[in-house]
Structure formats: C-alpha cells, structure tokens
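Notes follow once the structure below has been shown.
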Amino acid sequence: MHACDFFTCVYVCTREPSPTEMSVEPWASPQDQAAAEHTYRPHSLPSQDQERYPDKQCLDSFWNEVETIQQGSGEADLDHSRRDSRQSEDGDQEEQWLTDAGLSTLISDDGEDVDKAVLLSTLTRAQAQAVQRRLESYTLSRRKKNKTPPRDVRDIFGSDISPTLLPESQSSEDLSMASVAKSPLSAMTLEHQRGATKEEFLITDIAYCEQAVIFLKQAKFPQNNTQHKKEDGSLPRVICPKCRLGVTRIQDLSHADMKKVRQLALIDMTALCDILEVDVKRHKSGKRKIPESTLFGVPLATMLENDQKLKSNTLIPLFLQKLLSFLEKKGMDSEGILRIPGSQSRIKVLQQNLEANFYTERFSWDDVGANDAAALLKKFIRDLPEPLLTAEYLNTFSAVRDITELRQKLHMLNLLILLLPEPNRNTLKALLEFLSKVISRERKNRMNLWAVATIMAPNLFLHKSVPSRLTDGPEKGQVEKAADIMRLLIRYQDLLWTIPNFLVSQVRRLNENSSRRYQFYDRRFKNLLKKIQPETREKPEKIKSEMRRSVKVQVGELVSGSLEFHLNIHSRTVDLLEQFQRQYLRSPANGKGKMRRNGSVVFPDCALYEVGGNIGEHCLDPDTHLLDLYNSNPTGEWIIRVKSYGGRAP
C-alpha cells in the first residue's frame with residue numbers, strides 16, 4: 001500500500017465551521033478599525049482620488065527612490081546574484097523546499113512509513129498536490145543529472161492524487177463549498193460586495209489554497225462574473241469572523257509550534273501559488289562580504305544577537321528602536337517626511353558618528369534633522385546584506401501585485417509574513433507601525449497612504465542581492481502595483497500578523513498524530529488511516545453544558561497554587577482572569593499589587609496559557625470560549641502566568 005492512501009482522509013478535515021468554532025459576530029483589528037475611520041472621513045483627505053490613485057508627486061518619488069537604490073548597487077553584485085540563481089537548479093530548489101516544509105523524509109530512506117503518515121495526514125488535497133508536484137520535479141531533475149535515481153514519486157504517493165480517492169459524490173471542492181456556503185458570513189460577504197459598503201470578509205477556517213479552488217470554480221459560471229467590480233484603488237474594511245477559540249497571534253505560540261506553522265504555511269502558500277499561477281521560484285542569495293560595521297550592512301540576526309547581550313528581551317535592533325523613537329517624537333509633523341531627501345553630506349557624517357558612538361552612548365540626537373533621520377532609516381533597510389523580506393521570498397512578495405482578488409492577496413501576504421524569520425518579521429512590523437503613525441498625521445505632514453507606499457516600496461522590494469522584475473513594464477502601472485503591496489502591508493498589518501485558524505487546527509492534528517506514534521507501527525495503511533481520522537473512538541465525548549476545571553497559577557514569586565473555575569458555554573478567558581484577580585491579587589488578605597510613588601497600585605499583567613495535549617504552548621486570547629477550548633484539547637493544562645513581552649511565557 002502506498003502513501004497516496006493517506007490522502008483518502010484529506011477532505012474530511014475540510015468541513016463547515018461548527019457553532020463551537022465560529023460566532024456570527026465579526027472582529028476587525030484596531031489597526032484596521034483606525035484605518036477604516038480614517039478612510040471614511042472625507043475631510044481628512046485632500047481629495048478622494050488621492051486615496052485611490054498615486055498622484056504625479058508620488059510617481060516621481062517612487063522613481064527617485066529607485067534611482068537612489070540603483071546608484072548604491074554595484075553591477076557586479078547583480079551579476080553574481082544572477083549566476084547564483086542559475087546555479088540553484090537541478091532539483092536543489094525542490095530539495096530545499098521539501099526540507100523547509102518538514103518533508104525531507106519523502107526523498108530519503110531514513111524516514112519510517114509512520115513518519116510519512118504523521119506528516120501527510122494533516123494536508124488538504126490542494127496542499128498534497130503541491131507536495132506531489134515538487135516530488136515529481138525533484139525526481140525528474142535528479143534523473144537528468146544522471147545521479148543514482150532517487151525513489152520514484154509513485155513509491156510515495158502511489159499514483160496521481162485524483163478525485164477518485166473520495167467517493168464520487170463527495171469531492172474536496174464540494175465539501176469546502178458547503179463549508180463556505182453554510183458559514184453565516186458567506187452570504188454577508190456577497191451582500192456587502194453587491195452593496196455600496198466597502199467591506200471584505202476574510203475567512204480563515206478553510207485552507208487558503210482550498211478557498212482559491214472554490215472561488216476559481218465559482219468564477220467559471222457566467223452568473224458569478226457580474227459580481228467582480230472594476231478595481232477603483234480604494235481599500236475596503238476587512239473583517240474576520242470571530243472564532244470562539246479566539247484570535248491567535250504570531251507571538252502567542254511556542255517556538256516549537258511556530259516551526260510547524262511555518263512548515264504548513266509554506267505548503268499552503270506554494271499550493272496557492274500553483275492554483276493562481278504565481279511564480280514562486282525562490283532565489284538563493286550568494287555569500288557576501290560583511291562590512292566592518294556595527295550598524296549599517298550588518299545582518300539582522302547578528303545585530304539582534306549582539307543587542308540581546310545588552311538588553312535580553314529586545315525583539316528588534318536597538319539602533320532601529322532609537323531611530324524610530326526619534327522620528328516619532330521629532331518627525332511626525334514634518335511636511336514631506338520620508339519624501340524630502342536629507343543632505344547626503346550630513347547623512348554620511350551622521351552614519352560615521354553613529355557607527356563610532358552609538359553603543360558607547362556618546363551620540364547625541366539633538367542636532368539631527370527629521371529628514372536626515374528618515375533618510376538614515378531607508379538607508380538602514382537598503383544596506384542590509386539580505387532583503388528585509390528575505391532573498392527566498394522577496395520575489396514572491398513582489399508577485400502578489402499580479403493577483404487580482406484582494407482576498408487572495410491578503411491570503412498570500414499572511415502566509416509570507418508567517419514564513420519570515422523572526423528578526424525580519426519583528427523588524428518589518430516595527431517599520432509598518434511607524435509608517436502607519438506617519439499616515440495618521442497626514443493633515444500636518446501631507447503624507448497619505450499612497451505617498452508613503454510609493455516611497456517605501458522600492459526600499460523593501462528592490463535589493464542589490466536579488467534580481468527583480470518590479471520596475472519592468474509601463475512605469476505608471478508598475479508603480480501602482482508595487483506601491484499597492486506596500487499599502488496592503490501597512491493598512492492590514494494587524495490581520496496579517498495573525499495565524500489563520502486552519503493552520504492552528506493543522507498544528508493540533510499534527511501534534512495529536514505525533515503523540516500516537518506508538519499506535520502507528522501497524523504497517524497496514526488502511527488500519528492506520530482509521531486511527532488518524534478525527535472521528536477516533538479514543539477522543540473524549542464533547543462537553544456541551546457545564547463543568548468545573550482546575551487551573552494552575554504560576555505568577556512568579558507572587559502567587560502559586562490552583563484555582564477552581566466553573567465552566568459554562570459563555571465562559572471566556574477574560575472571566576477566568578477576572579476571578580483570579582479578585583481572589584489572588586486584589587483581595588484585602590492576599591493583595592499582591594505594587595505601590596507606585598503616586599499612591600496607585602499596579603498589578604502584574606497576567607495571561608492564561610494552554611499547555612500540552614495537542615499544542616505546545618498557547619497564550620490565549622481574552623475572548624477565547626473556554627468550554628470550546630476544553631473540547632478542542634481536553635488533555636491540555638491551563639496555567640495563569642505573568643505575560644511576557646511578545647506574548648510567550650518567560
């Protein structure tokens with residue numbers, strides 16, 4: 001029996017959201033709400049067209065930035081990167097992709113069949129097809145090189161994954177379509193698209209690649225084509241369904257679980273690109289000589305490692321923190337901030353002084369001009385040895401411009417954000433938060449979303465180490481497309497920094513299947529499949545009414561012990577934390593607050609963590625419905641701890 005048999009269970013995982021998973025009430029991030037309010041105030045913008053399209057000043061600013069970047073890029077660097085790109089053929093990219101996706105055992109003889117079962121059992125059909133295509137490409141390329149033939153892809157998948165793996169009356173698209181159709185928000189989505197209100201709903205319970213299959217299938221019907229409106233350049237308010245298990249942000253999961261999220265996100269992103277016919281060929285940057293510098297041209301990871309010796313909990317370079325803080329205090333109201341270039345001679349002197357004196361704390365920011373500081377910010381990003389968006393994914397970020405549907409653009413960007421290394425992702429978030437603050441002061445600095453996006457896009461999407469097609473083609477069209485990606489990153493950043501529900505569910509299933517490895521040594525795959533189905537007999541019956549749950553308390557040296565909490569269908573994390581505050585922190589007998597100089601009392605910021613069972617560690621959203629959480633992970637522990645910076649427990 002071949003490993004393709006594992007995919008007979010794929011579609012049963014793609015199901016309609018149950019009442020325990022989704023509420024009909026939507027949620028929008030604070031960033032999106034603020035942006036929506038900004039968008040809907042006509043008097044806050046000079047004209048409506050300036051929100052929809054870049055003006056001539058924006059276009060000129062874009063090409064000025066491109067010229068500055070090209071002047072700082074040596075032709076030798078570009079030639080080297082092109083040579084390196086040509087050398088990364090012959091199956092190397094596929095091999096690296098399989099390794100990054102956690103599927104390297106598929107091309108080696110070291111992995112047990114049980115390992116393949118655990119890895120493949122969580123994939124949807126479209127995800128599995130993406131894996132199969134990479135295996136086939138790897139096999140063909142290895143044969144061309146006349147090396148020892150690797151294992152044939154049919155030894156792993158048996159045969160092509162086709163709809164016959166499921167009963168003819170039950171295809172993946174049908175099941176997924178039913179899920180979307182029965183979702184309370186699907187009808188609302190279409191209604192808003194037809195009406196005047198500019199709102200878009202982002203469903204994250206179903207794999208993004210499966211959603212693309214559904215909507216491409218729907219687009220083939222003539223009656224659905226009339227729903228697509230001509231893009232007018234304005235951005236709608238994007239709302240996600242409120243999941244009863246809460247919102248999971250990137251910083252909420254343990255490092256071990258985030259590694260699995262990245263592997264699954266890579267598979268889903270690749271499958272989505274295959275379906276949308278987006279080129280995802282990853283570039284492998286060559287080795288570059290690192291300059292003898294402490295700030296500019298230093299790899300992010302190296303700089304962060306050095307800075308963490310000075311400040312252990314820092315997530316972005318200390319220099320960038322100081323630079324952004326200075327700009328927020330002194331540059332927010334400067335007209336044309338980011339657009340007006342600083343003096344090149346002053347910037348050069350500033351850079352030299354910073355390199356020599358920043359870490360000795362002898363550098364003074366008092367005489368630094370706002371425009372010079374903004375120029376230093378852009379130079380810091382450009383001078384990184386590798387792009388902030390990484391050499392592997394820079395061109396994929398750029399390719400998002402060619403996707404027509406906003407929903408699918410956001411799907412792609414969400415997955416790409418998850419794939420970024422942690423230092424890059426945190427640095428990008430700090431930059432986007434700063435840019436959002438700049439836009440919020442538009443009435444004074446004259447920098448709207450288009451203006452900021454057209455200026456910053458070249459600094460993020462052009463890099464001397466990676467060949468780019470960003471500036472190919474008609475000038476105006478390329479500027480709009482490049483800046484549009486930047487607009488989406490700025491406007492929807494809080495939504496993009498969340499982990500979609502389907503990935504959290506896949507991580508839970510992956511952990512469940514891994515914990516049952518001792519059951520998997522039966523090599524008869526049909527029996528094995530029955531054991532990894534979600535409807536296993538061993539799963540406890542769901543609790544639908546009420547129960548009591550014991551919660552551990554580990555609040556440093558202040559409090560330790562346990563707390564009894566009464567669960568019902570309405571119980572949320574915030575309710576449990578309020579009970580903990582009353583019983584342990586604020587009670588007259590056990591008060592644990594710290595007195596401030598002004599006489600006020602401050603209490604530790606605590607959070608509820610889900611630990612063990614089918615998750616490593618998960619900092620829970622305050623709106624998580626706890627009875628639903630218990631049914632999703634009955635063997636996990638609940639622990640109250642002091643919330644650490646970044647969300648993870650200390």
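Just so we're on the same page: first chain in the structure tokens is A, next is B, and so on; residues restart at 1 for each chain, and ligands are numbered from 1 in the order they show up.
Omitting range 345-347 of chain A and its sequence neighbours fewer than 6 positions away, and counting only C-alpha atoms, the residues within 9 Å are Asp372, Ala373, Ala375 and Leu376 of chain A.
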Could you dump the residues just selected with N, CA and C atoms as a short mmCIF file (atom, residue, chain, number, x, y, z; two decimals), in the first residue's frame?
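What ended up in again-v2.cif:
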```cif
data_model
loop_
_atom_site.label_atom_id
_atom_site.label_comp_id
_atom_site.auth_asym_id
_atom_site.auth_seq_id
_atom_site.Cartn_x
_atom_site.Cartn_y
_atom_site.Cartn_z
N ASP A 372 16.92 64.00 7.64
CA ASP A 372 18.15 63.22 7.67
C ASP A 372 17.92 61.88 8.37
N ALA A 373 17.16 61.91 9.46
CA ALA A 373 16.86 60.66 10.19
C ALA A 373 16.02 59.72 9.33
N ALA A 375 16.06 59.59 6.09
CA ALA A 375 16.97 59.04 5.07
C ALA A 375 17.84 57.93 5.66
N LEU A 376 18.25 58.08 6.92
CA LEU A 376 19.01 57.03 7.59
C LEU A 376 18.18 55.76 7.74
#
```
Legend entry - Nearest-residue call for Phe434 in chain A, choices A:Asp252, A:Glu328, A:Asp100, A:Glu292, using only C-alpha atoms: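 Selected residue with least distance to Phe434 in chain A: A:Glu328.
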Legend entry - Selected residue of minimal separation from Pro241 in chain A among A:Pro622, A:Gly636, A:Gly616, A:Pro500, counting only C-alpha atoms: A:Pro500
Legend entry - Contacts of Ser334 in chain A at 9 Å (only C-alpha atoms; same-chain gap of 3+ positions) as number ranges by chain: A: 330-331, 337, 370-371, 444-446
Atoms to include: N, CA and C atoms. Write the selected residues as a compact mmCIF listing (two decimals), in the first residue's frame.
```
# COMPACT_ATOMS: atom_id res chain seq x y z
N LYS A 330 10.11 63.67 16.78
CA LYS A 330 10.55 64.89 16.10
C LYS A 330 10.11 65.00 14.64
N GLY A 331 9.71 63.88 14.02
CA GLY A 331 9.49 63.95 12.58
C GLY A 331 8.07 63.76 12.10
N ILE A 337 7.88 64.27 5.24
CA ILE A 337 8.76 63.30 5.90
C ILE A 337 8.80 62.01 5.09
N ALA A 370 14.92 65.87 11.01
CA ALA A 370 13.94 64.81 10.76
C ALA A 370 14.15 64.17 9.40
N ASN A 371 14.41 64.97 8.37
CA ASN A 371 14.59 64.40 7.03
C ASN A 371 15.87 63.57 6.93
N LYS A 444 -0.94 67.18 8.76
CA LYS A 444 0.19 68.07 9.02
C LYS A 444 1.39 67.76 8.13
N ASN A 445 1.67 66.47 7.90
CA ASN A 445 2.88 66.13 7.14
C ASN A 445 2.61 65.91 5.65
N ARG A 446 1.35 65.93 5.23
CA ARG A 446 0.98 65.77 3.81
C ARG A 446 1.42 64.44 3.23
```
Legend entry - Closest of A:Leu416, A:Ile203, A:Leu620, A:Ile615 to Pro634 in chain A - atom-to-atom distances counting only C-alpha atoms: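 Counting only C-alpha atoms, the residue closest to Pro634 in chain A is A:Ile615.
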Inset, instruction - Find the residue from A:Asn414, A:Asn353, A:Ser141, A:Gln96 that sits nearest to His283 in chain A; use only C-alpha atoms when measuring. - result: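 Of A:Asn414, A:Asn353, A:Ser141, A:Gln96, the one nearest His283 in chain A is A:Gln96, counting only C-alpha atoms.
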Inset, instruction - Name all residues at most 9 Å from Glu392 in chain A (count only C-alpha atoms; drop same-chain ones fewer than 5 positions away) and give them as a list in words. - result: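 Everything that qualifies: Lys281, Arg282, His283, Lys284 and Ser285 of chain A.
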Inset, instruction - Tell me, as a PyMOL selection string, which residues lie within 6 Å of range 607-610 of chain A, counting only C-alpha atoms; anything in the same chain fewer than 6 positions away does not count. - result: chain A and resi 617-620+637-641+643
Selection export as a PDB file, in the first residue's frame, atoms kept: N, CA and C atoms:
```pdb
ATOM      1  N   GLU A 617       2.502  25.251  23.524  1.00  0.00           N
ATOM      2  CA  GLU A 617       2.130  26.293  24.473  1.00  0.00           C
ATOM      3  C   GLU A 617       1.438  27.404  23.710  1.00  0.00           C
ATOM      4  N   HIS A 618       0.343  27.905  24.258  1.00  0.00           N
ATOM      5  CA  HIS A 618      -0.513  28.841  23.534  1.00  0.00           C
ATOM      6  C   HIS A 618      -1.019  29.891  24.505  1.00  0.00           C
ATOM      7  N   CYS A 619      -0.626  31.137  24.304  1.00  0.00           N
ATOM      8  CA  CYS A 619      -1.153  32.244  25.095  1.00  0.00           C
ATOM      9  C   CYS A 619      -2.537  32.581  24.552  1.00  0.00           C
ATOM     10  N   LEU A 620      -3.559  32.448  25.389  1.00  0.00           N
ATOM     11  CA  LEU A 620      -4.937  32.514  24.911  1.00  0.00           C
ATOM     12  C   LEU A 620      -5.442  33.944  24.789  1.00  0.00           C
ATOM     13  N   GLU A 637      -3.260  21.453  29.818  1.00  0.00           N
ATOM     14  CA  GLU A 637      -3.338  22.157  31.101  1.00  0.00           C
ATOM     15  C   GLU A 637      -3.594  23.639  30.861  1.00  0.00           C
ATOM     16  N   TRP A 638      -4.228  24.281  31.831  1.00  0.00           N
ATOM     17  CA  TRP A 638      -4.408  25.727  31.800  1.00  0.00           C
ATOM     18  C   TRP A 638      -3.585  26.333  32.928  1.00  0.00           C
ATOM     19  N   ILE A 639      -2.735  27.274  32.575  1.00  0.00           N
ATOM     20  CA  ILE A 639      -1.823  27.865  33.552  1.00  0.00           C
ATOM     21  C   ILE A 639      -1.881  29.387  33.439  1.00  0.00           C
ATOM     22  N   ILE A 640      -2.056  30.057  34.572  1.00  0.00           N
ATOM     23  CA  ILE A 640      -2.014  31.519  34.611  1.00  0.00           C
ATOM     24  C   ILE A 640      -0.589  31.945  34.940  1.00  0.00           C
ATOM     25  N   ARG A 641      -0.027  32.792  34.091  1.00  0.00           N
ATOM     26  CA  ARG A 641       1.336  33.279  34.289  1.00  0.00           C
ATOM     27  C   ARG A 641       1.383  34.781  34.018  1.00  0.00           C
ATOM     28  N   LYS A 643       2.324  37.673  31.869  1.00  0.00           N
ATOM     29  CA  LYS A 643       2.501  37.760  30.424  1.00  0.00           C
ATOM     30  C   LYS A 643       3.835  38.416  30.121  1.00  0.00           C
TER      31      LYS A 643
END
```
Inset, instruction - Would you mind listing what lies within 12 Å of range 548-553 of chain A as a ChimeraX atom specification, with only C-alpha atoms counted and same-chain residues fewer than 4 positions away left out? - result: /A:543,557-568,571,573,576-577,579-581,583-585,606-611,626-627,629-630,634-642
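Comparing the minimum interatomic distances between Thr124 in chain A and each of A:Leu202, A:Val213, A:Trp97, A:Met447, counting only C-alpha atoms, we find that A:Val213 sits nearest.
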Which residues are close to Cys273 in chain A, i.e. within 10 Å by only C-alpha atoms, leaving aside same-chain residues fewer than 4 positions away? Reply as a PDB file with N, CA and C atoms, in the first residue's frame.
```pdb
ATOM      1  N   ALA A 130       0.453  20.012  -4.178  1.00  0.00           N
ATOM      2  CA  ALA A 130       1.652  20.847  -4.251  1.00  0.00           C
ATOM      3  C   ALA A 130       2.888  20.052  -3.856  1.00  0.00           C
ATOM      4  N   CYS A 209      -5.514  27.753   0.072  1.00  0.00           N
ATOM      5  CA  CYS A 209      -5.435  27.142  -1.258  1.00  0.00           C
ATOM      6  C   CYS A 209      -6.764  26.499  -1.639  1.00  0.00           C
ATOM      7  N   ALA A 212      -9.089  29.156  -2.803  1.00  0.00           N
ATOM      8  CA  ALA A 212      -8.787  29.581  -4.173  1.00  0.00           C
ATOM      9  C   ALA A 212      -9.411  28.631  -5.184  1.00  0.00           C
ATOM     10  N   ILE A 267       3.717  25.066   2.657  1.00  0.00           N
ATOM     11  CA  ILE A 267       2.976  24.152   1.780  1.00  0.00           C
ATOM     12  C   ILE A 267       1.724  24.836   1.243  1.00  0.00           C
ATOM     13  N   ASP A 268       0.983  25.515   2.111  1.00  0.00           N
ATOM     14  CA  ASP A 268      -0.256  26.159   1.664  1.00  0.00           C
ATOM     15  C   ASP A 268       0.043  27.314   0.720  1.00  0.00           C
ATOM     16  N   MET A 269       1.088  28.089   1.003  1.00  0.00           N
ATOM     17  CA  MET A 269       1.454  29.199   0.122  1.00  0.00           C
ATOM     18  C   MET A 269       1.857  28.690  -1.253  1.00  0.00           C
ATOM     19  N   GLU A 277      -1.271  30.420 -10.406  1.00  0.00           N
ATOM     20  CA  GLU A 277      -0.226  30.519 -11.432  1.00  0.00           C
ATOM     21  C   GLU A 277       0.717  31.692 -11.146  1.00  0.00           C
ATOM     22  N   VAL A 278       1.133  31.788  -9.901  1.00  0.00           N
ATOM     23  CA  VAL A 278       2.096  32.798  -9.474  1.00  0.00           C
ATOM     24  C   VAL A 278       3.464  32.147  -9.369  1.00  0.00           C
ATOM     25  N   ASP A 279       4.473  32.782  -9.937  1.00  0.00           N
ATOM     26  CA  ASP A 279       5.826  32.235  -9.922  1.00  0.00           C
ATOM     27  C   ASP A 279       6.407  32.356  -8.517  1.00  0.00           C
ATOM     28  N   VAL A 280       6.792  31.220  -7.925  1.00  0.00           N
ATOM     29  CA  VAL A 280       7.321  31.230  -6.556  1.00  0.00           C
ATOM     30  C   VAL A 280       8.748  30.696  -6.505  1.00  0.00           C
ATOM     31  N   THR A 396       8.447  36.591  -4.359  1.00  0.00           N
ATOM     32  CA  THR A 396       7.067  36.153  -4.127  1.00  0.00           C
ATOM     33  C   THR A 396       6.239  37.296  -3.558  1.00  0.00           C
ATOM     34  N   ALA A 399       5.427  39.361  -6.441  1.00  0.00           N
ATOM     35  CA  ALA A 399       4.459  38.738  -7.351  1.00  0.00           C
ATOM     36  C   ALA A 399       3.023  38.900  -6.879  1.00  0.00           C
ATOM     37  N   VAL A 400       2.830  39.267  -5.616  1.00  0.00           N
ATOM     38  CA  VAL A 400       1.470  39.486  -5.116  1.00  0.00           C
ATOM     39  C   VAL A 400       0.766  40.561  -5.938  1.00  0.00           C
ATOM     40  N   ILE A 403      -1.800  39.320  -8.518  1.00  0.00           N
ATOM     41  CA  ILE A 403      -3.042  38.660  -8.095  1.00  0.00           C
ATOM     42  C   ILE A 403      -4.165  39.694  -8.127  1.00  0.00           C
ATOM     43  N   MET A 412      -2.081  35.482   0.565  1.00  0.00           N
ATOM     44  CA  MET A 412      -0.673  35.277   0.226  1.00  0.00           C
ATOM     45  C   MET A 412       0.236  36.045   1.181  1.00  0.00           C
TER      46      MET A 412
END
```
Inset, instruction - Work out how far CA of Asp367 in chain A is from CA of Asn306 in chain A, in Å to one decimal. - result: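 We find that CA of Asn306 in chain A and CA of Asp367 in chain A lie 27.3 Å from each other.
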Legend entry - Residues of range 308-503 of chain A in alpha helix (DSSP H), written as a PyMOL selection string: chain A and resi 308-310+318-330+344-357+370-382+394-399+406-419+422-440+442-445+449-461+475-491+493-496+501-503
Inset, instruction - Go through A:Val438, A:Ile239, A:Leu300, A:Ala391 and flag the residue nearest Tyr492 in chain A, using only C-alpha atoms for the distances. - result: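 Closest to Tyr492 in chain A of all the choices is A:Ile239.
From CA of Gln263 in chain A back to CA of Ala101 in chain A, the distance works out to 4.3 Å.
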